[in-house]
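Written out below as structure tokens is the structure these notes cover.
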Amino acid sequence: MQSPTTTITAAIQNLNLNPNFLPKFPPNPLRILPEFVNHRSTASMASTFSRFKVNSKLDNSSGEFLTITEYAGKGGANVGDDLVVLFSHLEYAFKRIAALVASPVNSSLGKSSGGSQDVDAGRDKPKPLDIVSNEIILSSLKNSGKVAVMASEEDDAPVWITDNAPFVVVTDPLDGSRNIDASIPTGTIFGIYNRLIEVDNLPTEEKALLNSLQSGNRLVAAGYVLYSSATILCTTFGSGAHAFTLDHSTGDFVLTHPDIKIPPRGQIYSVNDARYFDWPEGLRRYIDTIRQGKGKFPKKYSARYICSLVADFHRTLMYGGVAMNPRDHLRLVYEANPLSFVAEQAGGKGSDGKNRILSIQPVKLHQRLPLFLGSPEDIDELESYGDVQQTVNPGYDV
Ligand SMILES: O=P(O)(O)OC[C@H]1O[C@](O)(COP(=O)(O)O)[C@@H](O)[C@@H]1O
């Protein structure tokens, strides 16, 4: 008799071969009709964001901004009613998390502090923010009625929500929370797949797992929310990457960075380089080379590392370069796949140092791997050093 693991592996391989599993989501033409453009935004916002490249079809030079619902809806990218409804519920969750991480009441509830706050408080003990964020997202997905299963970095197994709902959501509800006590930026990462109707007849546990283990090249939409000086929702529906900024005066996410293009080459590398002596030879040579301005781009690179994946990735998307974590620490399903989809849609790349992230078939829900995201020329150069994955991973205290 086959073991459950063999069955799952066989099922995954089978999914790969079956063309019916390809996303049924059509490519989205970016058609924004004038009547859907609203008039609530101010000239000052327009000038704040004027340095970002604006796609002519989404030109906001008149100071008019689209909300994400208007952008995704029938007059805009027309991503389909189901996805628009799902996004409106996700948006609500993101606003709640944004308020939570900025709240003075909760500011000391980082990932590690939940247990030490009040040992005697028992069931009333305040929960760490990543757990609360997980609950907020789950509740929004349930309320949307559009999600069959949610797989979260915070849960051991995927949660089956509704039979026959169209989508599967994978998420890291609050990444970077280990630093939140110091008010360092944090982020939510999410990916959306179509439900695999082909596995509907399997037992719940099994179909929940198979739906969650879809490879990144089947993503229908993905994105992240950066909770920082501004709250920014950057997303792709498979036709470019676009960022929306939370306007606190109206509660809307408005389109501020349409059609983001990562610079083909940056001058910044982002890595925890205290780990230098645990790195393989290739990675050391690469970093030594670009630091000295001796790489293919003859300029000395600068280092930036926040140690909060969404913040490090967002900066890389804006300015170019490479954001990396060379040890097998970040998760394929919740972090690497969604961010690689955004990176590619912005003209960048996502790699594990050898392979394109989106082509890797996940075999375990919480599978970890090295992750390199960034400008295409920087990622190509890095990969050319061959030996860039850190295999010594002793587990670090901070
Ligand atoms: O300790 P390292 O290797 O620098 O890892 C830092 C990375 O870990 C993270 O904090 C995520 O780790 P967790 O999933 O354990 O919270 C990222 O935000 C950050 O980029």
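The way I read the labels, and the way they are meant: chains A, B, ... in the order of the structure tokens, residue 1 as the first residue of every chain, and ligand 1 as the first ligand shown, with later ones counted on from there.
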
**OP:** Could you tell me, as a PyMOL selection string, which residues of range 196-260 of chain A DSSP assigns to strand (DSSP E or B) when given the backbone?
**Re:** chain A and resi 221-227+231-236+241-247+252-257

**OP:** Write as a ChimeraX atom specification the residues around ligand 1, taking 8 Å as the cut-off and counting only C-alpha atoms and all ligand atoms.
**Re:** /A:111,153,172,174-179,186,271-272,306-310,312,325-327,329-331,396,398

**OP:** Mind giving me the straight-line distance from CA of Val388 in chain A to CA of Tyr224 in chain A in Å, one decimal?
**Re:**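 Spanning CA of Val388 in chain A to CA of Tyr224 in chain A is a straight-line distance of 26.1 Å.
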
Original post:
Counting only C-alpha atoms, what is within 12 Å of Asn393 in chain A, bar same-chain residues fewer than 6 positions away, as a PyMOL selection string?
Top reply: chain A and resi 275-280+325-329+368-370

For the selection just defined, write its residues with C-alpha atoms to a file, as a CSV table (one decimal), in the first residue's frame.
```
chain,number,residue,atom,x,y,z
A,275,ARG,CA,26.6,35.6,8.6
A,276,TYR,CA,29.6,36.1,6.2
A,277,PHE,CA,31.6,33.3,7.7
A,278,ASP,CA,28.8,30.8,7.3
A,279,TRP,CA,28.4,31.7,3.6
A,280,PRO,CA,29.7,29.5,0.8
A,325,ASN,CA,18.4,35.6,2.6
A,326,PRO,CA,20.9,32.9,1.5
A,327,ARG,CA,20.1,30.4,4.3
A,328,ASP,CA,17.0,28.1,4.0
A,329,HIS,CA,14.9,30.3,6.3
A,368,ARG,CA,12.0,26.7,3.5
A,369,LEU,CA,14.6,27.8,1.0
A,370,PRO,CA,17.2,30.4,0.2
```

Subject >> Residues of range 64-200 of chain A in helix (DSSP H, G or I), written as a ChimeraX atom specification >> reply: /A:68-72,81-102,119-124,129-144,177-182,197-199

Original post:
Of the candidates A:Ala346, A:Ile97, A:Val254, A:Ala274, which shows the shortest atom-to-atom distance to Gly187 in chain A, using only C-alpha atoms?
Top reply: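 Of all the options, A:Ile97 lies closest to Gly187 in chain A.
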
Residues of range 276-341 of chain A that have any atom at most 9 Å from an atom of range 197-218 of chain A: could you tabulate them with the shortest-distance atom pair and the distance in Å to one decimal, using only C-alpha atoms, ordered by chain and increasing number, as CSV?
```
residue,atom,partner,partner_atom,distance
A:Leu332,CA,A:Gly216,CA,8.7
A:Val333,CA,A:Leu213,CA,7.2
A:Ala336,CA,A:Gly216,CA,8.7
A:Asn337,CA,A:Gly216,CA,5.1
A:Pro338,CA,A:Gly216,CA,7.2
A:Ser340,CA,A:Gly216,CA,8.2
A:Phe341,CA,A:Gly216,CA,7.3
```

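Minimum distance to Ile290 in chain A across A:Thr231, A:Lys349, A:Leu382, A:Leu373 (counting only C-alpha atoms) occurs at A:Leu382.
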
**OP:** In Å, rounded to a single decimal, give me how far CA of Ile287 in chain A is from CA of Glu381 in chain A.
**Re:**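 CA of Glu381 in chain A sits 10.9 Å away from CA of Ile287 in chain A.
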
Original post:
What gap, in Å, lies between CA of Leu358 in chain A and CA of Asp156 in chain A?
Top reply: 22.8 Å

**OP:** Identify which of the residues A:Ser229, A:Ser302, A:Thr188, A:Thr289 lies closest to Lys95 in chain A, counting only C-alpha atoms when measuring atom-to-atom distances.
**Re:** A:Thr188

Original post:
What lies within 10 Å of Leu100 in chain A using only C-alpha atoms, ignoring chain neighbours under 5 positions off, as JSON, numbers by chain?
Top reply: {"A": [94, 95, 105, 106, 107, 129, 132, 133]}

Output C-alpha atoms for every residue in that selection, as an mmCIF file, in the first residue's frame.
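Written file, result_2.cif:
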```cif
data_model
loop_
_atom_site.group_PDB
_atom_site.id
_atom_site.type_symbol
_atom_site.label_atom_id
_atom_site.label_comp_id
_atom_site.auth_asym_id
_atom_site.auth_seq_id
_atom_site.Cartn_x
_atom_site.Cartn_y
_atom_site.Cartn_z
ATOM 1 C CA PHE A 94 -5.059 44.855 6.005
ATOM 2 C CA LYS A 95 -6.515 48.057 7.429
ATOM 3 C CA VAL A 105 -1.979 49.407 23.273
ATOM 4 C CA ASN A 106 -0.402 46.612 21.282
ATOM 5 C CA SER A 107 3.012 48.000 20.541
ATOM 6 C CA LEU A 129 0.430 40.325 16.908
ATOM 7 C CA VAL A 132 -4.032 38.219 15.964
ATOM 8 C CA SER A 133 -3.218 39.166 12.361
#
```
